[in-house]
Amino acid sequence: PAQRKHASRQRFAADLSQCLYDLVIHLLPTLEELAVKEDVRKLLERLIRTIEPDSRLLSFGSTANGFSLRNSDMDLCCLIDSEERLSASDLVVMLGDLLERETKFHVKPLPHARIPIVKLTLDPAPGLPQGIACDIGFENRLALENTRLLMCYAMIDPARVRTMVLFLKVWSKRRNINSPYKGTLSSYGYVLLVIFFLVHVKNPPVLPNLQQMPPLRSISPEDTHLNGYNIWFFDDIDLLRQRWKSSNTETVAELLIDFFKYYSRDFNYTSGVASIRSGLLKKESKGWVSEHERGSPRERNRLCIEDPFETDYNVARCVTRDGLYTIRGEFMRASRILASRPDRALVAIAQLCE
Ligand code: ATP
Ligand code: MG
């Protein structure tokens, strides 16, 4: 019986892996969508240059890190290469006015947000059935770097890493646990949970720790630090692909099953911090003790995920008590569905994303 059980588990995992690949392929953005987005970026860049001639508009987030689904929003960052420049909030106001006048976008400038941004949306049109949603921020160089880090992780083992991440994004959106404004977790947070799992939990690891690998040649601190944060990581992906061969041979389905098991059962939410740079840390050692316990109305450190560069920043700070309860409930539900191994993997996926 043990052998039969093992065989049935293997069969299910193989079947599920295939289904996950098939599903994800169909959810990737089309070439047409990517082209339209690139045109939008160029158009916006041209307009911004009428205000700040020395500026560049760069993509970050999912459009640039390899974890993009069809119709995902565009995250853009404006970098200004001149010494004298307007403040971010002034730029937000001016750019807001300009775009309102010159384009068909609906424009919402948020000059007083923690990170001032202009929010844009474009109504659905024939070639663009879902419209476009786009945020433009300024000088957010750390976001460009963390986008590059995630992209490198995606490129080391695209079949397993991208499939897992994209599936989790679909799943978390379908299950309504992907809204930082409503107390649950951003996509960025879920991606970090996956990478943490593949670097630090899986043994043997599926991914190397790019931030802890020794550099090929010595580099000066000025080149590795930005706003006081160490942003160095091993980014020579061609070389890495030659040198890094994970001895972990699990299929994407086995990894996914284990991912849900780990976050529903093993991760210590009360005291643990998931850090892709340093592995599992303690909330106490980071001073991220739960503010709710001290009677503060602010909920901050229910779930702790350390940003890869801004290490004093908890990416999951928006997650509330109820939000965490729901997220953990969803991890458990997913784990239960996958453990029950329905006859067909497709049924499992449908149930997961119901
Ligand atoms: P989606 O396709 O759902 O939009 P995404 O990959 O673009 O997913 P987002 O959560 O929109 O992910 O994040 C985009 C970028 O914004 C990230 O790469 C990161 O640089 C930055 N970011 C998002 N959320 C946070 C956060 N809580 N803390 C810090 N940076 C964040
Ligand atoms: Mg995004």
# chains A, B, ... in the order shown; residues from 1 in each chain; ligands from 1
$ residues_around --residues "Gln211 (chain A)" --least-positions-apart "6" --cutoff "12 Å" --atoms "only C-alpha atoms" --output "number ranges by chain"
A: 146, 149-150, 152-153, 199, 224, 230-235, 275-279, 308-309
$ residues_around --residues "Leu128 (chain A)" --least-positions-apart "6" --cutoff "12 Å" --atoms "only C-alpha atoms" --output "list of chain:residue names"
A:Pro29, A:Thr30, A:Glu32, A:Glu33, A:Leu34, A:Ala35, A:Val36, A:Lys37, A:Arg70, A:Asn71, A:Leu122
$ residues_near_ligand --ligand "ligand 1" --cutoff "7 Å" --atoms "only C-alpha atoms and all ligand atoms" --output "short mmCIF file (atom, residue, chain, number, x, y, z; two decimals) with C-alpha atoms, in the first residue's frame"
data_model
loop_
_atom_site.label_atom_id
_atom_site.label_comp_id
_atom_site.auth_asym_id
_atom_site.auth_seq_id
_atom_site.Cartn_x
_atom_site.Cartn_y
_atom_site.Cartn_z
CA PHE A 60 9.40 48.24 -12.83
CA GLY A 61 7.21 45.71 -11.04
CA SER A 62 5.65 42.86 -12.96
CA THR A 63 5.99 44.39 -16.44
CA PHE A 67 6.10 37.85 -13.33
CA SER A 68 3.48 39.60 -15.40
CA LEU A 69 -0.01 38.28 -16.04
CA SER A 72 -1.57 43.56 -15.11
CA ASP A 73 -1.01 47.18 -14.24
CA ASP A 75 4.45 50.49 -12.73
CA ALA A 143 12.15 49.66 -6.66
CA LEU A 144 14.09 49.40 -9.92
CA ASN A 146 14.31 45.00 -6.40
CA THR A 147 12.62 44.49 -9.76
CA LYS A 169 -0.61 35.55 -8.19
CA SER A 186 0.71 42.75 -2.29
CA SER A 187 1.95 40.62 -5.19
CA TYR A 188 5.44 41.74 -4.28
CA GLY A 189 4.92 40.20 -0.83
CA ASP A 307 12.45 43.92 2.02
CA VAL A 315 6.79 44.62 3.11
CA ALA A 316 3.80 43.05 4.84
#
$ closest_residue --among "A:Ser55, A:Thr121, A:Gln3, A:Thr311" --to "Met74 (chain A)" --atoms "only C-alpha atoms"
A:Thr121
$ atom_distance --atom1 "CA of Val107 (chain A)" --atom2 "CA of Ser172 (chain A)"
27.9 Å
$ residues_around --residues "Leu168 (chain A)" --least-positions-apart "3" --cutoff "10 Å" --atoms "only C-alpha atoms" --output "PDB file with C-alpha atoms, in the first residue's frame"
ATOM      1  CA  ARG A 162       7.857  31.702 -12.818  1.00  0.00           C
ATOM      2  CA  THR A 163       5.214  29.013 -12.885  1.00  0.00           C
ATOM      3  CA  MET A 164       4.962  28.986  -9.114  1.00  0.00           C
ATOM      4  CA  VAL A 165       4.884  32.747  -8.787  1.00  0.00           C
ATOM      5  CA  TRP A 171      -4.677  32.189  -6.933  1.00  0.00           C
ATOM      6  CA  SER A 172      -4.275  35.095  -4.493  1.00  0.00           C
ATOM      7  CA  LYS A 173      -6.277  37.404  -6.770  1.00  0.00           C
ATOM      8  CA  ARG A 174      -9.034  34.817  -7.242  1.00  0.00           C
ATOM      9  CA  SER A 187       1.947  40.625  -5.191  1.00  0.00           C
ATOM     10  CA  TYR A 190       3.830  36.865  -2.282  1.00  0.00           C
ATOM     11  CA  VAL A 191       6.809  36.791  -4.642  1.00  0.00           C
ATOM     12  CA  VAL A 194       8.058  32.162  -2.774  1.00  0.00           C
ATOM     13  CA  LEU A 256       3.713  24.207  -4.672  1.00  0.00           C
ATOM     14  CA  CYS A 353      -9.009  29.153  -7.663  1.00  0.00           C
TER      15      CYS A 353
END
$ residues_around --residues "Arg41 (chain A)" --least-positions-apart "6" --cutoff "9 Å" --atoms "only C-alpha atoms" --output "JSON, numbers by chain"
{"A": [57, 58, 59, 74, 76]}
$ select_by_dssp --residues "region 77-179 of chain A" --states "strand (DSSP E or B)" --output "PyMOL selection string"
chain A and resi 77-80+106-110+117-122+125+128+132-138
$ residues_around --residues "region 343-352 of chain A" --least-positions-apart "6" --cutoff "10 Å" --atoms "only C-alpha atoms" --output "list in words"
Ser8, Arg11, Phe12, Ala13, Ala14, Asp15, Leu16, Ser17, Gln18, Cys19, Leu20, Leu23, Phe167, Trp171, Ser172, Arg174, Arg175, Ala253, Glu330, Arg333, Ala334, Ser335, Arg336 and Ile337 of chain A
$ closest_residue --among "A:Met151, A:Ala113, A:Leu185, A:Leu226" --to "Cys318 (chain A)" --atoms "only C-alpha atoms"
A:Leu185
$ closest_residue --among "A:Gly137, A:Pro53, A:Gly287, A:Ile195" --to "Ala154 (chain A)" --atoms "only C-alpha atoms"
A:Ile195
$ residues_around --residues "Leu198 (chain A)" --least-positions-apart "2" --cutoff "9 Å" --atoms "only C-alpha atoms" --output "list in words"
Val161, Leu193, Val194, Ile195, Phe196, His200, Val201, Lys202, Asn203, Pro205, Val206, Leu207, Pro208, Leu255 and Phe259 of chain A
